[in-house]
Structure formats: structure tokens, C-alpha cells
$ cat target15.cif   # mmCIF, C-alpha atoms
data_upload
loop_
_atom_site.group_PDB
_atom_site.id
_atom_site.type_symbol
_atom_site.label_atom_id
_atom_site.label_comp_id
_atom_site.auth_asym_id
_atom_site.auth_seq_id
_atom_site.Cartn_x
_atom_site.Cartn_y
_atom_site.Cartn_z
ATOM 1 C CA MET V 1 83.913 -28.933 18.335
ATOM 2 C CA THR V 2 81.816 -25.785 18.085
ATOM 3 C CA GLU V 3 83.576 -22.580 17.021
ATOM 4 C CA HIS V 4 82.205 -19.686 19.041
ATOM 5 C CA PRO V 5 81.895 -16.224 17.506
ATOM 6 C CA GLU V 6 83.377 -13.392 19.541
ATOM 7 C CA LYS V 7 80.145 -11.694 20.505
ATOM 8 C CA THR V 8 79.495 -8.980 23.029
ATOM 9 C CA SER V 9 76.146 -10.327 24.140
ATOM 10 C CA HIS V 10 74.114 -13.486 24.148
ATOM 11 C CA PRO V 11 70.486 -14.195 24.924
ATOM 12 C CA VAL V 12 69.614 -15.576 28.311
ATOM 13 C CA ASN V 13 69.454 -19.342 28.046
ATOM 14 C CA PRO V 14 65.928 -20.702 28.062
ATOM 15 C CA VAL V 15 64.912 -23.009 30.880
ATOM 16 C CA PRO V 16 63.985 -26.390 29.376
ATOM 17 C CA ALA V 17 60.312 -27.307 29.504
ATOM 18 C CA THR V 18 60.823 -30.384 31.664
ATOM 19 C CA ALA V 19 58.294 -31.679 34.131
ATOM 20 C CA PRO V 20 58.748 -29.633 37.305
ATOM 21 C CA SER V 21 59.858 -31.289 40.506
ATOM 22 C CA ASP V 22 57.730 -30.999 43.612
ATOM 23 C CA GLY V 23 60.194 -28.437 44.931
ATOM 24 C CA GLY V 24 60.878 -30.447 48.051
ATOM 25 C CA GLY V 25 57.425 -29.557 49.331
ATOM 26 C CA LEU V 26 57.473 -26.000 47.972
ATOM 27 C CA GLY V 27 54.559 -26.600 45.601
ATOM 28 C CA ARG V 28 56.605 -25.392 42.618
ATOM 29 C CA ALA V 29 59.850 -26.155 40.810
ATOM 30 C CA ARG V 30 62.889 -25.512 42.967
ATOM 31 C CA ARG V 31 65.165 -22.614 42.043
ATOM 32 C CA LEU V 32 68.899 -23.254 42.293
ATOM 33 C CA VAL V 33 71.643 -20.684 41.649
ATOM 34 C CA PHE V 34 75.262 -21.738 41.150
ATOM 35 C CA VAL V 35 77.580 -18.778 41.785
ATOM 36 C CA HIS V 36 80.960 -18.937 40.053
ATOM 37 C CA ALA V 37 83.890 -16.662 39.291
ATOM 38 C CA HIS V 38 84.741 -17.533 35.677
ATOM 39 C CA PRO V 39 83.329 -19.358 32.653
ATOM 40 C CA ASP V 40 84.185 -23.098 32.850
ATOM 41 C CA ASP V 41 83.992 -23.187 36.675
ATOM 42 C CA GLU V 42 80.295 -23.974 36.467
ATOM 43 C CA THR V 43 80.942 -27.137 34.477
ATOM 44 C CA LEU V 44 84.229 -28.258 36.020
ATOM 45 C CA ALA V 45 83.063 -27.869 39.613
ATOM 46 C CA THR V 46 79.303 -28.353 39.458
ATOM 47 C CA GLY V 47 78.367 -29.644 36.002
ATOM 48 C CA VAL V 48 77.075 -32.958 37.352
ATOM 49 C CA SER V 49 74.822 -31.192 39.857
ATOM 50 C CA ILE V 50 73.518 -28.729 37.283
ATOM 51 C CA ALA V 51 72.689 -31.475 34.777
ATOM 52 C CA HIS V 52 71.150 -33.605 37.533
ATOM 53 C CA HIS V 53 68.839 -30.892 38.817
ATOM 54 C CA VAL V 54 67.833 -29.694 35.355
ATOM 55 C CA ARG V 55 66.877 -33.281 34.550
ATOM 56 C CA ALA V 56 64.799 -33.332 37.749
ATOM 57 C CA GLY V 57 62.806 -30.339 36.499
ATOM 58 C CA ASP V 58 64.387 -27.707 38.728
ATOM 59 C CA VAL V 59 65.028 -24.169 37.492
ATOM 60 C CA VAL V 60 68.809 -23.796 37.474
ATOM 61 C CA THR V 61 70.711 -20.540 36.961
ATOM 62 C CA VAL V 62 74.463 -20.074 36.643
ATOM 63 C CA LEU V 63 75.523 -16.654 37.931
ATOM 64 C CA THR V 64 79.049 -15.802 36.754
ATOM 65 C CA CYS V 65 80.982 -12.894 38.275
ATOM 66 C CA THR V 66 83.681 -12.295 35.623
ATOM 67 C CA LEU V 67 84.334 -13.332 32.041
ATOM 68 C CA GLY V 68 87.667 -14.988 32.799
ATOM 69 C CA ASP V 69 89.628 -12.303 30.955
ATOM 70 C CA GLU V 70 93.001 -13.479 32.317
ATOM 71 C CA GLY V 71 92.731 -17.161 31.453
ATOM 72 C CA GLU V 72 95.538 -18.922 29.617
ATOM 73 C CA VAL V 73 94.567 -19.863 26.066
ATOM 74 C CA ILE V 74 95.198 -23.467 25.030
ATOM 75 C CA PRO V 75 94.514 -23.478 21.234
ATOM 76 C CA ALA V 76 97.411 -21.793 19.451
ATOM 77 C CA GLU V 77 95.092 -20.341 16.815
ATOM 78 C CA LEU V 78 93.265 -18.376 19.536
ATOM 79 C CA ALA V 79 96.330 -17.117 21.405
ATOM 80 C CA ARG V 80 95.729 -13.626 20.017
ATOM 81 C CA LEU V 81 92.726 -13.275 22.348
ATOM 82 C CA ALA V 82 94.839 -13.368 25.515
ATOM 83 C CA ALA V 83 94.995 -10.477 27.969
ATOM 84 C CA ASP V 84 98.604 -9.720 27.018
ATOM 85 C CA ALA V 85 97.715 -9.584 23.299
ATOM 86 C CA GLU V 86 94.351 -8.291 21.988
ATOM 87 C CA ASP V 87 92.651 -8.689 25.391
ATOM 88 C CA ARG V 88 89.461 -10.101 23.856
ATOM 89 C CA LEU V 89 89.381 -13.405 25.696
ATOM 90 C CA GLY V 90 86.521 -12.330 27.964
ATOM 91 C CA ALA V 91 84.204 -11.705 25.036
ATOM 92 C CA TYR V 92 85.106 -15.073 23.539
ATOM 93 C CA ARG V 93 84.634 -16.922 26.801
ATOM 94 C CA ARG V 94 81.195 -15.374 27.120
ATOM 95 C CA GLY V 95 80.294 -17.422 24.042
ATOM 96 C CA GLU V 96 81.814 -20.548 25.564
ATOM 97 C CA LEU V 97 79.821 -19.978 28.750
ATOM 98 C CA TRP V 98 76.589 -19.535 26.810
ATOM 99 C CA ALA V 99 77.203 -22.733 24.833
ATOM 100 C CA ALA V 100 78.135 -24.764 27.917
ATOM 101 C CA THR V 101 75.165 -23.670 30.009
ATOM 102 C CA PHE V 102 72.857 -24.246 27.050
ATOM 103 C CA ARG V 103 74.092 -27.840 26.876
ATOM 104 C CA LEU V 104 73.590 -28.210 30.624
ATOM 105 C CA GLY V 105 70.067 -26.836 30.271
ATOM 106 C CA ALA V 106 70.678 -23.993 32.709
ATOM 107 C CA ARG V 107 70.016 -20.286 32.454
ATOM 108 C CA SER V 108 73.199 -18.190 32.316
ATOM 109 C CA VAL V 109 73.413 -14.675 33.719
ATOM 110 C CA LEU V 110 76.335 -12.375 34.448
ATOM 111 C CA LEU V 111 77.053 -10.046 37.318
ATOM 112 C CA ALA V 112 77.110 -7.031 35.020
ATOM 113 C CA ASP V 113 76.739 -3.254 35.337
ATOM 114 C CA GLU V 114 73.108 -3.360 36.291
ATOM 115 C CA GLU V 115 71.946 -4.327 39.758
ATOM 116 C CA THR V 116 70.006 -7.290 38.402
ATOM 117 C CA PRO V 117 71.472 -10.374 36.721
ATOM 118 C CA THR V 118 71.717 -9.863 32.987
ATOM 119 C CA PRO V 119 73.468 -11.256 29.944
ATOM 120 C CA GLY V 120 74.929 -7.742 29.657
ATOM 121 C CA GLU V 121 76.775 -5.866 26.937
ATOM 122 C CA GLY V 122 80.555 -5.787 26.699
ATOM 123 C CA PRO V 123 82.598 -6.838 29.722
ATOM 124 C CA GLY V 124 81.181 -7.844 33.058
ATOM 125 C CA PHE V 125 81.252 -5.339 35.891
ATOM 126 C CA PHE V 126 84.235 -7.051 37.545
ATOM 127 C CA ARG V 127 87.378 -8.259 35.823
ATOM 128 C CA ASP V 128 89.157 -11.569 36.291
ATOM 129 C CA SER V 129 91.929 -10.948 38.849
ATOM 130 C CA GLY V 130 94.345 -13.557 37.537
ATOM 131 C CA MET V 131 96.428 -15.684 39.869
ATOM 132 C CA ALA V 132 97.808 -14.160 43.062
ATOM 133 C CA GLY V 133 100.969 -12.115 42.581
ATOM 134 C CA THR V 134 100.450 -11.414 38.869
ATOM 135 C CA PRO V 135 100.119 -7.975 37.206
ATOM 136 C CA ALA V 136 96.438 -8.702 36.559
ATOM 137 C CA ASN V 137 95.822 -8.104 40.271
ATOM 138 C CA GLU V 138 96.389 -4.381 39.647
ATOM 139 C CA ARG V 139 93.884 -3.957 36.835
ATOM 140 C CA PRO V 140 90.902 -1.713 37.610
ATOM 141 C CA GLY V 141 87.895 -3.702 38.770
ATOM 142 C CA ALA V 142 89.817 -6.920 39.512
ATOM 143 C CA LEU V 143 87.245 -8.950 41.442
ATOM 144 C CA ALA V 144 89.465 -10.142 44.277
ATOM 145 C CA TYR V 145 90.916 -6.704 44.980
ATOM 146 C CA VAL V 146 87.943 -4.339 44.961
ATOM 147 C CA GLU V 147 86.188 -3.652 48.259
ATOM 148 C CA ILE V 148 84.317 -6.784 49.235
ATOM 149 C CA GLU V 149 81.230 -4.788 50.169
ATOM 150 C CA GLU V 150 80.859 -3.750 46.532
ATOM 151 C CA VAL V 151 80.884 -7.398 45.479
ATOM 152 C CA VAL V 152 78.503 -8.443 48.253
ATOM 153 C CA GLY V 153 76.033 -5.668 47.433
ATOM 154 C CA ARG V 154 75.861 -6.468 43.735
ATOM 155 C CA LEU V 155 75.691 -10.182 44.374
ATOM 156 C CA ALA V 156 72.907 -9.778 46.929
ATOM 157 C CA ALA V 157 70.889 -7.709 44.451
ATOM 158 C CA ALA V 158 71.365 -10.329 41.744
ATOM 159 C CA LEU V 159 70.399 -13.177 44.054
ATOM 160 C CA GLU V 160 67.354 -11.333 45.358
ATOM 161 C CA ALA V 161 66.109 -10.968 41.789
ATOM 162 C CA LEU V 162 66.540 -14.714 41.244
ATOM 163 C CA ASP V 163 64.947 -15.651 44.621
ATOM 164 C CA PRO V 164 66.697 -19.037 44.954
ATOM 165 C CA ASP V 165 65.792 -21.908 47.238
ATOM 166 C CA VAL V 166 69.375 -23.148 46.996
ATOM 167 C CA VAL V 167 72.682 -21.350 46.413
ATOM 168 C CA VAL V 168 75.873 -23.257 45.583
ATOM 169 C CA THR V 169 79.422 -21.881 45.463
ATOM 170 C CA TYR V 170 83.064 -22.687 46.278
ATOM 171 C CA ASP V 171 84.491 -23.752 49.618
ATOM 172 C CA PRO V 172 86.449 -21.171 51.698
ATOM 173 C CA ALA V 173 89.693 -22.046 49.891
ATOM 174 C CA GLY V 174 88.101 -21.474 46.497
ATOM 175 C CA GLY V 175 88.750 -24.980 45.240
ATOM 176 C CA TYR V 176 92.403 -24.610 44.299
ATOM 177 C CA GLY V 177 92.977 -21.190 45.866
ATOM 178 C CA HIS V 178 92.277 -18.794 42.983
ATOM 179 C CA PRO V 179 91.758 -15.304 44.496
ATOM 180 C CA ASP V 180 88.498 -14.811 42.573
ATOM 181 C CA HIS V 181 87.119 -18.124 43.827
ATOM 182 C CA VAL V 182 87.896 -17.156 47.412
ATOM 183 C CA ARG V 183 86.283 -13.752 46.923
ATOM 184 C CA VAL V 184 83.161 -15.307 45.389
ATOM 185 C CA HIS V 185 82.856 -17.710 48.316
ATOM 186 C CA ASP V 186 83.170 -14.920 50.872
ATOM 187 C CA ALA V 187 80.773 -12.620 49.019
ATOM 188 C CA THR V 188 78.197 -15.353 48.406
ATOM 189 C CA VAL V 189 78.145 -16.403 52.062
ATOM 190 C CA ALA V 190 77.591 -12.778 53.083
ATOM 191 C CA ALA V 191 75.051 -12.021 50.347
ATOM 192 C CA ALA V 192 72.925 -15.099 51.094
ATOM 193 C CA ALA V 193 72.303 -13.811 54.620
ATOM 194 C CA ARG V 194 70.910 -10.518 53.283
ATOM 195 C CA LEU V 195 68.165 -12.005 51.140
ATOM 196 C CA PRO V 196 64.532 -11.559 52.183
ATOM 197 C CA ARG V 197 64.137 -15.340 51.963
ATOM 198 C CA THR V 198 67.227 -17.172 53.195
ATOM 199 C CA PRO V 199 68.294 -19.968 50.830
ATOM 200 C CA ALA V 200 69.981 -23.242 51.698
ATOM 201 C CA LEU V 201 73.692 -22.682 51.035
ATOM 202 C CA TYR V 202 76.182 -25.343 49.913
ATOM 203 C CA THR V 203 79.922 -25.236 49.227
ATOM 204 C CA ARG V 204 81.711 -27.619 46.855
ATOM 205 C CA VAL V 205 84.405 -29.844 48.354
ATOM 206 C CA THR V 206 86.303 -33.010 47.409
ATOM 207 C CA PRO V 207 86.445 -35.992 49.800
ATOM 208 C CA ARG V 208 89.956 -37.252 50.440
ATOM 209 C CA SER V 209 89.089 -40.810 49.406
ATOM 210 C CA TRP V 210 87.843 -39.553 46.031
ATOM 211 C CA ILE V 211 91.193 -37.916 45.257
ATOM 212 C CA GLU V 212 93.049 -41.140 46.037
ATOM 213 C CA ARG V 213 90.632 -43.186 43.921
ATOM 214 C CA ASP V 214 90.751 -40.772 40.991
ATOM 215 C CA ARG V 215 94.543 -40.547 40.953
ATOM 216 C CA ARG V 216 94.741 -44.326 40.788
ATOM 217 C CA TRP V 217 92.311 -44.224 37.867
ATOM 218 C CA VAL V 218 94.447 -41.648 36.014
ATOM 219 C CA LEU V 219 97.590 -43.688 36.600
ATOM 220 C CA ALA V 220 95.870 -46.756 35.157
ATOM 221 C CA ASN V 221 94.091 -45.084 32.244
ATOM 222 C CA VAL V 222 96.284 -42.175 31.152
ATOM 223 C CA GLY V 223 99.772 -42.937 32.399
ATOM 224 C CA HIS V 224 100.934 -45.018 29.454
ATOM 225 C CA ARG V 225 98.448 -44.131 26.743
ATOM 226 C CA ALA V 226 99.987 -43.511 23.346
ATOM 227 C CA GLY V 227 99.718 -39.953 22.088
ATOM 228 C CA GLU V 228 99.208 -38.399 25.526
ATOM 229 C CA ALA V 229 102.858 -37.930 26.491
ATOM 230 C CA ARG V 230 102.468 -34.150 26.933
ATOM 231 C CA PHE V 231 100.201 -34.620 29.942
ATOM 232 C CA HIS V 232 101.501 -34.948 33.481
ATOM 233 C CA VAL V 233 100.048 -37.783 35.547
ATOM 234 C CA PRO V 234 100.025 -36.922 39.267
ATOM 235 C CA ALA V 235 101.625 -39.302 41.728
ATOM 236 C CA LEU V 236 99.486 -40.660 44.528
ATOM 237 C CA ASP V 237 101.391 -38.564 47.069
ATOM 238 C CA ASP V 238 101.389 -35.267 45.129
ATOM 239 C CA GLU V 239 100.156 -32.201 46.988
ATOM 240 C CA LEU V 240 96.378 -31.941 47.366
ATOM 241 C CA ILE V 241 94.272 -28.933 46.443
ATOM 242 C CA PRO V 242 92.955 -26.920 49.425
ATOM 243 C CA SER V 243 89.323 -27.995 48.956
ATOM 244 C CA VAL V 244 90.065 -31.624 49.859
ATOM 245 C CA VAL V 245 88.336 -32.566 53.116
ATOM 246 C CA ASP V 246 87.970 -35.657 55.242
ATOM 247 C CA ASP V 247 85.064 -37.740 54.012
ATOM 248 C CA GLU V 248 83.217 -37.229 57.286
ATOM 249 C CA ALA V 249 82.954 -33.474 56.631
ATOM 250 C CA VAL V 250 80.750 -33.989 53.556
ATOM 251 C CA THR V 251 77.022 -33.484 54.144
ATOM 252 C CA HIS V 252 75.570 -33.985 50.654
ATOM 253 C CA VAL V 253 76.572 -35.796 47.473
ATOM 254 C CA VAL V 254 75.050 -35.403 44.017
ATOM 255 C CA ARG V 255 75.298 -38.669 42.090
ATOM 256 C CA PRO V 256 74.555 -38.582 38.374
ATOM 257 C CA ALA V 257 71.504 -40.107 36.795
ATOM 258 C CA PRO V 258 71.991 -41.887 33.446
ATOM 259 C CA GLY V 259 73.101 -39.340 30.876
ATOM 260 C CA ASP V 260 74.202 -36.631 33.322
ATOM 261 C CA LEU V 261 77.910 -37.286 32.801
ATOM 262 C CA ASP V 262 77.518 -37.163 29.021
ATOM 263 C CA VAL V 263 75.757 -33.806 29.308
ATOM 264 C CA ARG V 264 78.509 -32.486 31.580
ATOM 265 C CA ASP V 265 81.261 -33.700 29.253
ATOM 266 C CA ALA V 266 79.628 -32.079 26.214
ATOM 267 C CA ALA V 267 79.288 -28.817 28.127
ATOM 268 C CA LEU V 268 82.911 -28.891 29.248
ATOM 269 C CA ALA V 269 84.093 -29.415 25.672
ATOM 270 C CA GLU V 270 82.566 -26.029 24.802
ATOM 271 C CA HIS V 271 85.245 -24.343 26.944
ATOM 272 C CA ARG V 272 87.909 -25.092 24.371
ATOM 273 C CA THR V 273 90.124 -22.114 25.233
ATOM 274 C CA GLN V 274 90.583 -23.482 28.753
ATOM 275 C CA VAL V 275 90.139 -27.248 28.818
ATOM 276 C CA VAL V 276 91.227 -30.336 26.893
ATOM 277 C CA VAL V 277 88.573 -33.034 27.336
ATOM 278 C CA ARG V 278 89.342 -36.706 26.881
ATOM 279 C CA ASP V 279 87.465 -39.932 27.624
ATOM 280 C CA GLY V 280 86.930 -39.770 31.375
ATOM 281 C CA TRP V 281 89.557 -37.127 32.100
ATOM 282 C CA TYR V 282 90.588 -33.578 31.283
ATOM 283 C CA ALA V 283 93.512 -31.175 31.517
ATOM 284 C CA LEU V 284 93.788 -27.421 31.905
ATOM 285 C CA SER V 285 96.608 -25.293 30.492
ATOM 286 C CA ASN V 286 98.989 -26.851 33.040
ATOM 287 C CA ASP V 287 98.631 -30.187 31.208
ATOM 288 C CA VAL V 288 97.907 -32.121 34.419
ATOM 289 C CA ALA V 289 95.647 -35.086 33.684
ATOM 290 C CA THR V 290 92.687 -35.134 36.073
ATOM 291 C CA ARG V 291 89.783 -37.535 36.208
ATOM 292 C CA LEU V 292 86.413 -35.995 35.434
ATOM 293 C CA PRO V 293 84.262 -36.007 38.586
ATOM 294 C CA GLN V 294 81.969 -39.009 38.810
ATOM 295 C CA ALA V 295 79.892 -37.308 41.517
ATOM 296 C CA GLU V 296 80.048 -34.007 43.406
ATOM 297 C CA ALA V 297 80.319 -33.488 47.164
ATOM 298 C CA PHE V 298 79.181 -30.537 49.244
ATOM 299 C CA VAL V 299 79.031 -29.159 52.747
ATOM 300 C CA ARG V 300 75.883 -27.326 53.753
ATOM 301 C CA VAL V 301 76.836 -24.112 55.568
ATOM 302 C CA GLU V 302 75.065 -21.261 57.295
ATOM 303 C CA PRO V 303 74.550 -18.030 55.333
ATOM 304 C CA GLY V 304 76.427 -15.166 56.926
ATOM 305 C CA THR V 305 79.043 -17.246 58.733
ATOM 306 C CA GLY V 306 79.931 -20.090 56.372
ATOM 307 C CA THR V 307 80.135 -22.493 59.300
ATOM 308 C CA PRO V 308 78.787 -26.021 58.833
ATOM 309 C CA TYR V 309 75.030 -26.155 59.131
ATOM 310 C CA PRO V 310 74.065 -27.584 62.530
ATOM 311 C CA GLY V 311 72.209 -30.829 62.859
ATOM 312 C CA LYS V 312 71.996 -34.035 60.882
ATOM 313 C CA ALA V 313 72.029 -33.879 57.100
ATOM 314 C CA GLU V 314 68.532 -34.570 55.820
ATOM 315 C CA PRO V 315 66.841 -34.791 52.424
ATOM 316 C CA GLY V 316 65.919 -31.368 51.169
ATOM 317 C CA PRO V 317 66.192 -29.088 48.170
ATOM 318 C CA PHE V 318 69.618 -30.409 47.179
ATOM 319 C CA GLU V 319 70.485 -34.041 46.436
ATOM 320 C CA ASP V 320 71.469 -36.178 48.415
ATOM 321 C CA PRO V 321 72.446 -36.512 52.084
ATOM 322 C CA ARG V 322 75.284 -38.912 52.851
#

$ encode --input "target15.cif" --output "C-alpha cells"
Amino acid sequence: MTEHPEKTSHPVNPVPATAPSDGGGLGRARRLVFVHAHPDDETLATGVSIAHHVRAGDVVTVLTCTLGDEGEVIPAELARLAADAEDRLGAYRRGELWAATFRLGARSVLLADEETPTPGEGPGFFRDSGMAGTPANERPGALAYVEIEEVVGRLAAALEALDPDVVVTYDPAGGYGHPDHVRVHDATVAAAARLPRTPALYTRVTPRSWIERDRRWVLANVGHRAGEARFHVPALDDELIPSVVDDEAVTHVVRPAPGDLDVRDAALAEHRTQVVVRDGWYALSNDVATRLPQAEAFVRVEPGTGTPYPGKAEPGPFEDPR
């Protein structure tokens, strides 16, 4: 696995010279921006979609709002980087983010000091807030606890510079409820409505039937595997994360083309401080075995309100309507 130097800056990832798509009738390659809170979110939540659309010839950008300074460090040899030690995890995770997005074929930019998206120098403008109720919430610049208008303004400026056709972010619950994820959802919904050209906006969700299917898969494939005793295998009736929705609520699903899952898995392995990647499944620092997504589901919502987009789901700039 690649060892990442602790750099303070990285070049903007090049966009691969693939054949451009027809842009859904736009007459040019489509521009998609995936807005996330921390490094690794882009691959865990939307890696299939990023790989899929890059392969289709679309111009894909990952816009990350913090460097994940407060993440828990899995490899013991890197524990010194943690926020309660040397506090250099953010700089290291910048390298992981660069490597992961490079593997995905996407451009990576940070919400940094400037009012345009940039790879930046040093830390990002906002700091990882940590989980709710932790001392990290009180650090200056913690993303979830600064005035939301400051986040919305900077995000709107960054998105305007990128001029996307499509913007993708978390659902209102932020996936599993992380305060930064919730803040990024709220700010992205507001910022998208301020752009001169309003993009199509999608939020990532998980259909209830997928959770049931994937937990059965983990029970069958991880539950009794030798050498994996440290990992917890969820029961079928364990509590669900907040982003689980009834299947009928989903408007669009991105299903991988051949090779997309391999690209996603290789990208996820670059986030070695945060994720353990196995064959078909992964675990975070909580050691809960979780199946790697085999597809990704979304709800199209209205910029400004975040309410479900009215009307029947139709083919458009984001694959694929249910």
C-alpha cells in the first residue's frame, strides 16, 4: 500500500483525457462536483459514481471542506499524527485524498482560504469538527459550529468557479449523522441555489433493502472467516444509519460498469489512516465490518430547499433513473 508523505500541498489532479460524453445534450462534457466534508468520504460514499462518470468522459471534481483533522488513526505507526498528539493528521490525509482522487480519475480541490477552489497551502479554511459532544467542537474554525452563512458563501464561490451541471452531497442526516456532514448538506443545498446557473442537485441515500441484503452478505462472508475475529459483524436487526430510506424514495441509482468497483476499491485503500479494506468489505476505526457498496442510490432534490425534486425521475446528467 502506498506510503504518503506528509506534504502541505499537492497539485490539482489532472482530468483524464477520455472521450467526452455528449453532456446529456449540453454539447460538451458534463461537469460534476461531489461536495464532501472529509477525505475518504468521497470514496466511501460516492466512489462508484465518481469512477463511473469519469469513465463516461465527464469532468468530475471532488470539493472537500476540511482535511479530517480529528479522524481516528488506525495504523499504530501513524498514531503520532492524531489531533491529541502532533496534530498533523490533516496534512497527511491531504496526501491520502490526492492519491485516492487520482486513482478515481477526478480533480481534487479544497475549500481553502481563497474564495476559489484550490489545492491550498497548509490547513483548509475550516477544521474538522469531530463527533458531536467532543472537545473538537470548540476548536476555532470547526466547520459545523461556525456561522452557516460563512460556509455557504465560501462554498457558493467555489461552486461558481467550477460551474457544475451536477452537484452531489450527503442527505439531510449526513449519512451517519456526523456534524460536518450535516453542515455540508445544508450549506450545499443553500449554495446551489445562489449559482448563476442552477445545477441538478442529488443527495446520497441507502435503500432499506440494500442494507438488509448487505448485512446478510457480511454474515455469510465475514462472520466466520479466520483471522478476522477483531471485526464486529452487525446483526440483521442492528440499528440503521439515518440515511437509510424506503426504496421508493430513491430517484436515481448509479450502477458500476466493468472495472468501476476495482477503481473504487483501489482508491479507498489509499485512505489507510481511516479504513481497512478487504475483499468486498471494509471497516473503519470502530471495526464494524461493512459491505462495500455495489451501487449508489440518490434522491434528486431542489436547490435552496432540499425537498425532493417534483415530477417523474427521467434520464439526465446523472445516471440512472430507477

$ closest_atom_pairs --input "target15.cif" --of "region 268-296 of chain V" --to "region 234-250 of chain V" --cutoff "9 Å" --atoms "all atoms listed in the file" --output "tab-separated table"
residue	atom	partner	partner_atom	distance
V:Val288	CA	V:Pro234	CA	7.1
V:Ala289	CA	V:Pro234	CA	7.3
V:Thr290	CA	V:Pro234	CA	8.2

$ atom_distance --input "target15.cif" --atom1 "CA of Arg93 (chain V)" --atom2 "CA of Pro39 (chain V)"
6.5 Å

$ atom_distance --input "target15.cif" --atom1 "CA of Ala144 (chain V)" --atom2 "CA of His178 (chain V)"
9.2 Å

$ resolve_selection --input "target15.cif" --expression "the PyMOL selection byres ((chain V and resi 198-203) around 10)" --output "number ranges by chain"
V: 31-34, 159-160, 163-172, 174-175, 185, 188-189, 191-197, 204-205, 243, 250-252, 297-304, 306, 308-309, 316-318

$ atom_distance --input "target15.cif" --atom1 "CA of Leu89 (chain V)" --atom2 "CA of Arg127 (chain V)"
11.5 Å

$ closest_residue --input "target15.cif" --among "V:Cys65, V:Ala106, V:Ala156, V:Ala161" --to "Ala142 (chain V)" --atoms "only C-alpha atoms"
V:Cys65

$ closest_residue --input "target15.cif" --among "V:Val48, V:Leu284, V:Ala100, V:Ala29" --to "His271 (chain V)" --atoms "only C-alpha atoms"
V:Ala100

$ residues_around --input "target15.cif" --residues "His232 (chain V)" --least-positions-apart "4" --cutoff "12 Å" --atoms "all atoms listed in the file" --output "PyMOL selection string"
chain V and resi 215+218-219+222-225+228+238+282-290

$ build_atoms --input "target15.cif" --residues "region 87-103 of chain V" --atoms "N, CA and C atoms" --output "compact mmCIF listing (two decimals), keeping the file's coordinate frame"
# COMPACT_ATOMS: atom_id res chain seq x y z
N ASP V 87 93.51 -8.80 24.21
CA ASP V 87 92.65 -8.69 25.39
C ASP V 87 91.17 -8.81 25.01
N ARG V 88 90.85 -9.84 24.24
CA ARG V 88 89.46 -10.10 23.86
C ARG V 88 88.99 -11.48 24.32
N LEU V 89 89.74 -12.06 25.24
CA LEU V 89 89.38 -13.40 25.70
C LEU V 89 88.05 -13.41 26.44
N GLY V 90 87.77 -12.38 27.22
CA GLY V 90 86.52 -12.33 27.96
C GLY V 90 85.31 -12.42 27.06
N ALA V 91 85.33 -11.67 25.97
CA ALA V 91 84.20 -11.70 25.04
C ALA V 91 84.05 -13.09 24.42
N TYR V 92 85.17 -13.74 24.12
CA TYR V 92 85.11 -15.07 23.54
C TYR V 92 84.58 -16.09 24.55
N ARG V 93 85.06 -15.97 25.77
CA ARG V 93 84.63 -16.92 26.80
C ARG V 93 83.16 -16.73 27.17
N ARG V 94 82.64 -15.55 26.94
CA ARG V 94 81.19 -15.37 27.12
C ARG V 94 80.45 -16.34 26.20
N GLY V 95 80.92 -16.48 24.97
CA GLY V 95 80.29 -17.42 24.04
C GLY V 95 80.45 -18.86 24.50
N GLU V 96 81.62 -19.20 25.04
CA GLU V 96 81.81 -20.55 25.56
C GLU V 96 80.87 -20.82 26.73
N LEU V 97 80.72 -19.83 27.60
CA LEU V 97 79.82 -19.98 28.75
C LEU V 97 78.39 -20.19 28.29
N TRP V 98 77.95 -19.40 27.32
CA TRP V 98 76.59 -19.54 26.81
C TRP V 98 76.38 -20.94 26.25
N ALA V 99 77.35 -21.41 25.45
CA ALA V 99 77.20 -22.73 24.83
C ALA V 99 77.20 -23.84 25.88
N ALA V 100 78.06 -23.73 26.88
CA ALA V 100 78.14 -24.76 27.92
C ALA V 100 76.86 -24.82 28.75
N THR V 101 76.37 -23.66 29.18
CA THR V 101 75.17 -23.67 30.01
C THR V 101 73.95 -24.09 29.19
N PHE V 102 73.94 -23.78 27.91
CA PHE V 102 72.86 -24.25 27.05
C PHE V 102 72.84 -25.77 27.01
N ARG V 103 74.02 -26.38 26.88
CA ARG V 103 74.09 -27.84 26.88
C ARG V 103 73.65 -28.42 28.22
